[in-house]
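Structure file coords01.pdb; described as PDB, C-alpha atoms and all ligand atoms.
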ATOM      1  CA  MET A   1      22.062   6.851 -16.640
ATOM      2  CA  ILE A   2      18.478   7.826 -17.490
ATOM      3  CA  LYS A   3      16.576  10.075 -15.099
ATOM      4  CA  THR A   4      12.788  10.380 -15.342
ATOM      5  CA  LYS A   5      10.507  12.285 -13.014
ATOM      6  CA  THR A   6       7.845  10.357 -11.090
ATOM      7  CA  LEU A   7       5.116  11.279  -8.659
ATOM      8  CA  VAL A   8       5.886   9.999  -5.142
ATOM      9  CA  GLU A   9       2.976   8.979  -2.909
ATOM     10  CA  VAL A  10       2.971   7.871   0.713
ATOM     11  CA  SER A  11       0.426   5.184   1.635
ATOM     12  CA  ALA A  12      -0.843   5.241   5.203
ATOM     13  CA  ARG A  13      -1.822   1.969   6.879
ATOM     14  CA  HIS A  14      -4.873   0.439   5.202
ATOM     15  CA  VAL A  15      -6.665  -2.812   4.462
ATOM     16  CA  HIS A  16      -7.879  -4.482   1.279
ATOM     17  CA  LEU A  17     -10.786  -6.890   1.740
ATOM     18  CA  SER A  18     -12.481  -9.631  -0.197
ATOM     19  CA  LYS A  19     -16.227  -9.088  -0.656
ATOM     20  CA  LYS A  20     -16.884 -12.045   1.629
ATOM     21  CA  ASP A  21     -14.728 -10.661   4.445
ATOM     22  CA  PHE A  22     -16.205  -7.164   4.009
ATOM     23  CA  GLU A  23     -19.716  -8.576   4.413
ATOM     24  CA  LYS A  24     -18.634 -10.460   7.522
ATOM     25  CA  LEU A  25     -17.250  -7.285   9.081
ATOM     26  CA  PHE A  26     -19.919  -4.816   7.916
ATOM     27  CA  GLY A  27     -23.019  -6.881   7.221
ATOM     28  CA  LYS A  28     -24.636  -8.285   4.091
ATOM     29  CA  ASN A  29     -26.151  -5.023   2.932
ATOM     30  CA  ALA A  30     -23.129  -2.796   3.452
ATOM     31  CA  GLU A  31     -21.540  -1.139   0.449
ATOM     32  CA  LEU A  32     -17.945  -0.212  -0.167
ATOM     33  CA  ALA A  33     -18.362   3.260  -1.635
ATOM     34  CA  SER A  34     -15.587   5.424  -3.073
ATOM     35  CA  VAL A  35     -14.959   8.748  -1.339
ATOM     36  CA  LYS A  36     -11.692   9.487  -3.073
ATOM     37  CA  GLN A  37     -10.197   8.281  -6.319
ATOM     38  CA  LEU A  38      -6.521   7.311  -5.898
ATOM     39  CA  SER A  39      -3.746   7.901  -8.422
ATOM     40  CA  GLN A  40      -4.128   4.371  -9.764
ATOM     41  CA  PRO A  41      -7.251   4.584 -11.939
ATOM     42  CA  LYS A  42      -9.191   1.621 -10.515
ATOM     43  CA  GLU A  43      -8.231   2.171  -6.874
ATOM     44  CA  PHE A  44     -10.244   4.202  -4.403
ATOM     45  CA  ALA A  45     -10.419   5.104  -0.725
ATOM     46  CA  SER A  46     -13.663   4.339   1.078
ATOM     47  CA  ASP A  47     -15.107   5.883   4.220
ATOM     48  CA  GLU A  48     -15.324   2.487   5.891
ATOM     49  CA  LYS A  49     -12.773   1.841   8.593
ATOM     50  CA  VAL A  50     -11.708  -1.075  10.762
ATOM     51  CA  ILE A  51      -9.764  -1.451  13.979
ATOM     52  CA  ILE A  52      -6.612  -3.579  14.008
ATOM     53  CA  ILE A  53      -6.257  -5.297  17.366
ATOM     54  CA  ASN A  54      -3.453  -7.270  18.996
ATOM     55  CA  GLY A  55      -4.162  -8.056  22.643
ATOM     56  CA  SER A  56      -4.443  -4.754  24.499
ATOM     57  CA  LYS A  57      -2.914  -2.790  21.586
ATOM     58  CA  LYS A  58      -4.999  -1.398  18.762
ATOM     59  CA  MET A  59      -5.038   0.997  15.807
ATOM     60  CA  GLU A  60      -8.358   2.634  15.073
ATOM     61  CA  ASN A  61      -9.673   4.204  11.873
ATOM     62  CA  VAL A  62      -7.739   2.013   9.463
ATOM     63  CA  ARG A  63      -9.228   2.792   6.078
ATOM     64  CA  ILE A  64     -10.449   0.217   3.575
ATOM     65  CA  LEU A  65      -9.225   0.726   0.018
ATOM     66  CA  GLY A  66     -11.336  -0.561  -2.845
ATOM     67  CA  PRO A  67     -12.210  -2.291  -5.040
ATOM     68  CA  PHE A  68     -12.601  -5.712  -3.424
ATOM     69  CA  ARG A  69      -9.683  -8.082  -3.842
ATOM     70  CA  LYS A  70      -9.544 -11.856  -4.056
ATOM     71  CA  GLN A  71      -7.673 -11.984  -0.757
ATOM     72  CA  SER A  72      -7.888  -9.677   2.229
ATOM     73  CA  GLN A  73      -4.710  -8.094   3.529
ATOM     74  CA  ALA A  74      -3.615  -5.377   5.946
ATOM     75  CA  GLU A  75      -0.717  -3.103   5.004
ATOM     76  CA  ILE A  76       0.995  -1.305   7.863
ATOM     77  CA  ALA A  77       4.322   0.409   8.505
ATOM     78  CA  LEU A  78       7.001  -1.163  10.679
ATOM     79  CA  THR A  79       6.339   1.597  13.250
ATOM     80  CA  ASP A  80       2.693   0.421  13.383
ATOM     81  CA  ALA A  81       3.834  -3.184  13.845
ATOM     82  CA  TYR A  82       5.962  -2.139  16.843
ATOM     83  CA  HIS A  83       3.060  -0.114  18.242
ATOM     84  CA  LEU A  84       0.803  -3.175  17.930
ATOM     85  CA  ASN A  85       3.501  -5.297  19.526
ATOM     86  CA  LEU A  86       3.158  -7.868  16.736
ATOM     87  CA  SER A  87       5.282 -10.964  17.085
ATOM     88  CA  PRO A  88       6.537 -12.196  14.744
ATOM     89  CA  LEU A  89       6.698  -8.899  12.854
ATOM     90  CA  PRO A  90       4.954  -8.842   9.461
ATOM     91  CA  LYS A  91       7.180  -9.506   6.448
ATOM     92  CA  ILE A  92       8.126  -6.860   3.896
ATOM     93  CA  LYS A  93       6.379  -8.128   0.794
ATOM     94  CA  VAL A  94       4.876  -7.125  -2.520
ATOM     95  CA  SER A  95       1.124  -6.547  -2.182
ATOM     96  CA  GLY A  96      -0.767  -9.804  -2.739
ATOM     97  CA  ASP A  97       2.123 -12.040  -1.653
ATOM     98  CA  LEU A  98       0.659 -13.223   1.621
ATOM     99  CA  ALA A  99       2.477 -16.480   2.313
ATOM    100  CA  ASN A 100       4.186 -16.895   5.697
ATOM    101  CA  THR A 101       3.341 -13.538   7.159
ATOM    102  CA  THR A 102       1.741 -12.545  10.437
ATOM    103  CA  LYS A 103      -2.040 -12.330  10.699
ATOM    104  CA  VAL A 104      -3.849  -9.535  12.510
ATOM    105  CA  LEU A 105      -7.329  -9.274  13.960
ATOM    106  CA  VAL A 106      -9.489  -6.657  12.236
ATOM    107  CA  LYS A 107     -12.743  -5.520  13.779
ATOM    108  CA  GLY A 108     -15.718  -4.037  11.945
ATOM    109  CA  PRO A 109     -19.149  -3.029  13.221
ATOM    110  CA  LYS A 110     -20.574  -6.580  12.875
ATOM    111  CA  SER A 111     -17.703  -8.919  13.665
ATOM    112  CA  SER A 112     -13.976  -9.448  13.520
ATOM    113  CA  LEU A 113     -11.653 -11.753  11.644
ATOM    114  CA  LYS A 114      -7.970 -12.453  11.137
ATOM    115  CA  ILE A 115      -6.290 -11.428   7.885
ATOM    116  CA  PRO A 116      -2.672 -11.547   6.667
ATOM    117  CA  CYS A 117      -0.627  -8.438   7.388
ATOM    118  CA  ILE A 118       2.364  -7.169   5.415
ATOM    119  CA  ILE A 119       4.694  -4.218   5.286
ATOM    120  CA  ALA A 120       4.474  -3.190   1.640
ATOM    121  CA  GLN A 121       7.621  -3.480  -0.456
ATOM    122  CA  ARG A 122       8.289  -0.058  -1.987
ATOM    123  CA  HIS A 123       7.122  -0.145  -5.589
ATOM    124  CA  LEU A 124       6.689   1.899  -8.746
ATOM    125  CA  HIS A 125       3.350   1.681 -10.554
ATOM    126  CA  CYS A 126       3.715   2.115 -14.292
ATOM    127  CA  SER A 127       1.482   1.689 -17.356
ATOM    128  CA  ASP A 128       2.661  -0.402 -20.317
ATOM    129  CA  LYS A 129       3.089   2.750 -22.377
ATOM    130  CA  GLU A 130       5.115   4.546 -19.721
ATOM    131  CA  ALA A 131       7.246   1.428 -19.180
ATOM    132  CA  LYS A 132       8.074   1.302 -22.873
ATOM    133  CA  LYS A 133       8.925   5.005 -22.983
ATOM    134  CA  ILE A 134      11.144   4.894 -19.893
ATOM    135  CA  GLY A 135      12.517   1.421 -20.681
ATOM    136  CA  LEU A 136      11.271  -0.465 -17.634
ATOM    137  CA  LYS A 137      10.454  -4.155 -17.251
ATOM    138  CA  ASN A 138       7.955  -5.741 -14.871
ATOM    139  CA  ASN A 139       9.582  -6.758 -11.550
ATOM    140  CA  GLN A 140      12.753  -4.855 -12.403
ATOM    141  CA  ARG A 141      14.427  -3.156  -9.433
ATOM    142  CA  ILE A 142      15.156   0.548  -9.717
ATOM    143  CA  SER A 143      16.135   3.481  -7.507
ATOM    144  CA  VAL A 144      14.379   6.806  -7.014
ATOM    145  CA  GLY A 145      16.085   9.911  -5.666
ATOM    146  CA  ILE A 146      14.095  12.431  -3.644
ATOM    147  CA  GLU A 147      15.459  15.933  -3.094
ATOM    148  CA  GLY A 148      15.066  18.174  -0.063
ATOM    149  CA  VAL A 149      16.542  18.654   3.401
ATOM    150  CA  ARG A 150      16.260  14.892   3.933
ATOM    151  CA  GLU A 151      17.489  14.096   0.432
ATOM    152  CA  VAL A 152      17.577  10.345   0.031
ATOM    153  CA  THR A 153      17.754   7.659  -2.655
ATOM    154  CA  PHE A 154      15.495   4.649  -2.255
ATOM    155  CA  ASN A 155      16.933   1.504  -3.828
ATOM    156  CA  ASN A 156      15.348  -1.910  -4.395
ATOM    157  CA  ILE A 157      12.055  -0.508  -5.712
ATOM    158  CA  VAL A 158       9.978  -3.127  -7.551
ATOM    159  CA  VAL A 159       8.528  -2.031 -10.897
ATOM    160  CA  ARG A 160       4.913  -3.130 -11.337
ATOM    161  CA  ILE A 161       3.486  -2.699 -14.821
ATOM    162  CA  SER A 162      -0.198  -2.870 -15.798
ATOM    163  CA  PRO A 163      -2.407  -1.063 -18.336
ATOM    164  CA  ASP A 164      -4.439   0.089 -15.286
ATOM    165  CA  TYR A 165      -1.486   1.779 -13.604
ATOM    166  CA  ARG A 166      -0.108   5.326 -13.787
ATOM    167  CA  LEU A 167       3.465   6.302 -13.023
ATOM    168  CA  SER A 168       3.827   6.709  -9.266
ATOM    169  CA  LEU A 169       6.256   5.584  -6.564
ATOM    170  CA  HIS A 170       4.485   4.156  -3.509
ATOM    171  CA  LEU A 171       6.222   4.401  -0.147
ATOM    172  CA  ASP A 172       4.864   3.693   3.320
ATOM    173  CA  THR A 173       4.724   6.308   6.072
ATOM    174  CA  ASP A 174       8.063   5.273   7.599
ATOM    175  CA  GLU A 175       9.779   5.759   4.250
ATOM    176  CA  GLY A 176       7.909   8.973   3.480
ATOM    177  CA  ASN A 177       8.795  10.454   6.857
ATOM    178  CA  ALA A 178      12.432   9.401   6.484
ATOM    179  CA  ALA A 179      12.525  11.393   3.236
ATOM    180  CA  GLY A 180      10.756  14.368   4.858
ATOM    181  CA  ILE A 181       7.853  14.142   2.410
ATOM    182  CA  MET A 182       5.114  16.685   3.105
ATOM    183  CA  GLY A 183       2.659  17.410   0.326
ATOM    184  CA  LYS A 184       3.029  16.771  -3.383
ATOM    185  CA  THR A 185       6.447  15.340  -4.161
ATOM    186  CA  PHE A 186       8.296  14.143  -7.216
ATOM    187  CA  GLY A 187      11.371  11.945  -7.440
ATOM    188  CA  ARG A 188      13.799  10.943 -10.159
ATOM    189  CA  ILE A 189      13.945   7.390 -11.437
ATOM    190  CA  ILE A 190      17.523   6.099 -11.537
ATOM    191  CA  LYS A 191      18.138   2.862 -13.403
TER     192      LYS A 191
HETATM  193 ZN    ZN B 201       0.854   0.845  -4.778
END
Would it be possible to restate this file's structure as structure tokens?
Ligand SMILES: [Zn+2]
Amino acid sequence: MIKTKTLVEVSARHVHLSKKDFEKLFGKNAELASVKQLSQPKEFASDEKVIIINGSKKMENVRILGPFRKQSQAEIALTDAYHLNLSPLPKIKVSGDLANTTKVLVKGPKSSLKIPCIIAQRHLHCSDKEAKKIGLKNNQRISVGIEGVREVTFNNIVVRISPDYRLSLHLDTDEGNAAGIMGKTFGRIIK
């Protein structure tokens, strides 16, 4: 059994938008500016936020992450989906796999539109170099153990390899809270 240390990051609910959808929601002249670089080199958090609405239920201040993507998507935790009273519930899927999942209404300052919504499948970002060193293959499933009072091992983590990635396990807020994650955390990759 090989054990390698990895950064563990918890992603709060957010949306990715296509340029076209962003312009619909924010206007033609709006810009998606970076306010914070994320651990994955090309990814950033913007200051622009939308509201996710389902009937009388809503979640405000849902941040847009950049850059623009080909397809818009909302990523929320299962707790958020219950709060929004979504039916059917969104599917647990790898980011970008948007077939047969629930759509949600997102509202910006100019207009609103419906976009697919998923609960993100827990995943490990990894560069080609790191993958070679650790011995990981794209789409392989691994486990990561996290120590602490709520010590837990997450199984069924999808490995996603790209030259643009850096080693990091991405969990959603339900998973992060279950593991008692507060502040900078590392886990151990178990293959
Ligand atoms: Zn990720």
Go through the chains and note each residue within 9 Å of ligand ZN 201 (chain B), using all atoms listed in the file, then give the set as a ChimeraX atom specification.
/A:9,11,40,95,120,122-125,160,168-171
Quick one: residues within 6 Å of A:Val158, only C-alpha atoms, excluding same-chain residues fewer than 2 positions away - as an MDAnalysis selection string?
chainID A and resid 123 139:141
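Atom CA of A:Val50 is positioned 10.8 Å from atom CA of A:His16.
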Need the neighbours of (-17.1, -12.7, -2.1): which residues are at most 9 Å away, counting all atoms listed in the file, as a ChimeraX atom specification?
/A:18-23,68-70
What residues come out when you apply the PyMOL selection byres (((chain A and resi 104) around 9) and not hetatm) to this file, written as an MDAnalysis selection string?
chainID A and resid 52:54 74 86 102:103 105:106 113:117
Among A:Lys132, A:Lys24, A:Lys191, A:Lys184, A:Asn156 is approached most closely, using only C-alpha atoms, by A:Lys191
re atom CA of A:Arg63 and atom CA of A:Gln121: distance 19.1 Å
Of the candidates A:Val35, A:Ile64, A:Lys93, A:Asn155, which one gets nearest to A:Gly108 if we count all atoms listed in the file?
A:Ile64
Residues near stretch 145-147 of chain A, anyone? I mean within 7 Å using only C-alpha atoms, not counting same-chain ones fewer than 2 positions away, as a CSV table (one decimal) with C-alpha atoms, in the frame of the given file.
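Result saved to around_25.csv:
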chain,number,residue,atom,x,y,z
A,143,SER,CA,16.1,3.5,-7.5
A,151,GLU,CA,17.5,14.1,0.4
A,152,VAL,CA,17.6,10.3,0.0
A,153,THR,CA,17.8,7.7,-2.7
A,154,PHE,CA,15.5,4.6,-2.3
A,187,GLY,CA,11.4,11.9,-7.4
A,188,ARG,CA,13.8,10.9,-10.2
A,189,ILE,CA,13.9,7.4,-11.4
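Distances here use all atoms listed in the file; by that measure, the residue among A:Pro163, A:Pro67, A:Gly27, A:Gly176 closest to A:Phe44 is A:Pro67.
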Given the PyMOL selection byres (((chain A and resi 48) around 9) and not hetatm) and the file above, list the residues it selects as a ChimeraX atom specification.
/A:26,32-33,45-47,49-50,61-65,108
For a quick check of your reading of the model, name the residues lying within 7 Å of the coordinate (10.2, 15.8, -9.1), counting only C-alpha atoms, and write them as a ChimeraX atom specification.
/A:5-7,185-188
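Rounded to one decimal, atom CA of A:Tyr165 and atom CA of A:Glu130 lie 9.4 Å from each other.
On the file presented, the PyMOL selection byres (((chain A and resi 164) around 9) and not hetatm) picks out Gln40, Pro41, Lys42, Cys126, Ser127, Asp128, Ile161, Ser162, Pro163, Tyr165 and Arg166 of chain A.
The residue that comes closest to A:Gln73, out of A:Lys110, A:Lys91, A:His14, A:Lys137 and on the basis of all atoms listed in the file, is A:His14.
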Listed atoms of stretch 6-19 of chain A, axis-aligned box, 6 Å per side: centre and edge lengths to one decimal in Å, as AutoDock Vina command-line options?
--center_x -4.2 --center_y 0.8 --center_z -2.1 --size_x 36.1 --size_y 32.9 --size_z 30.0
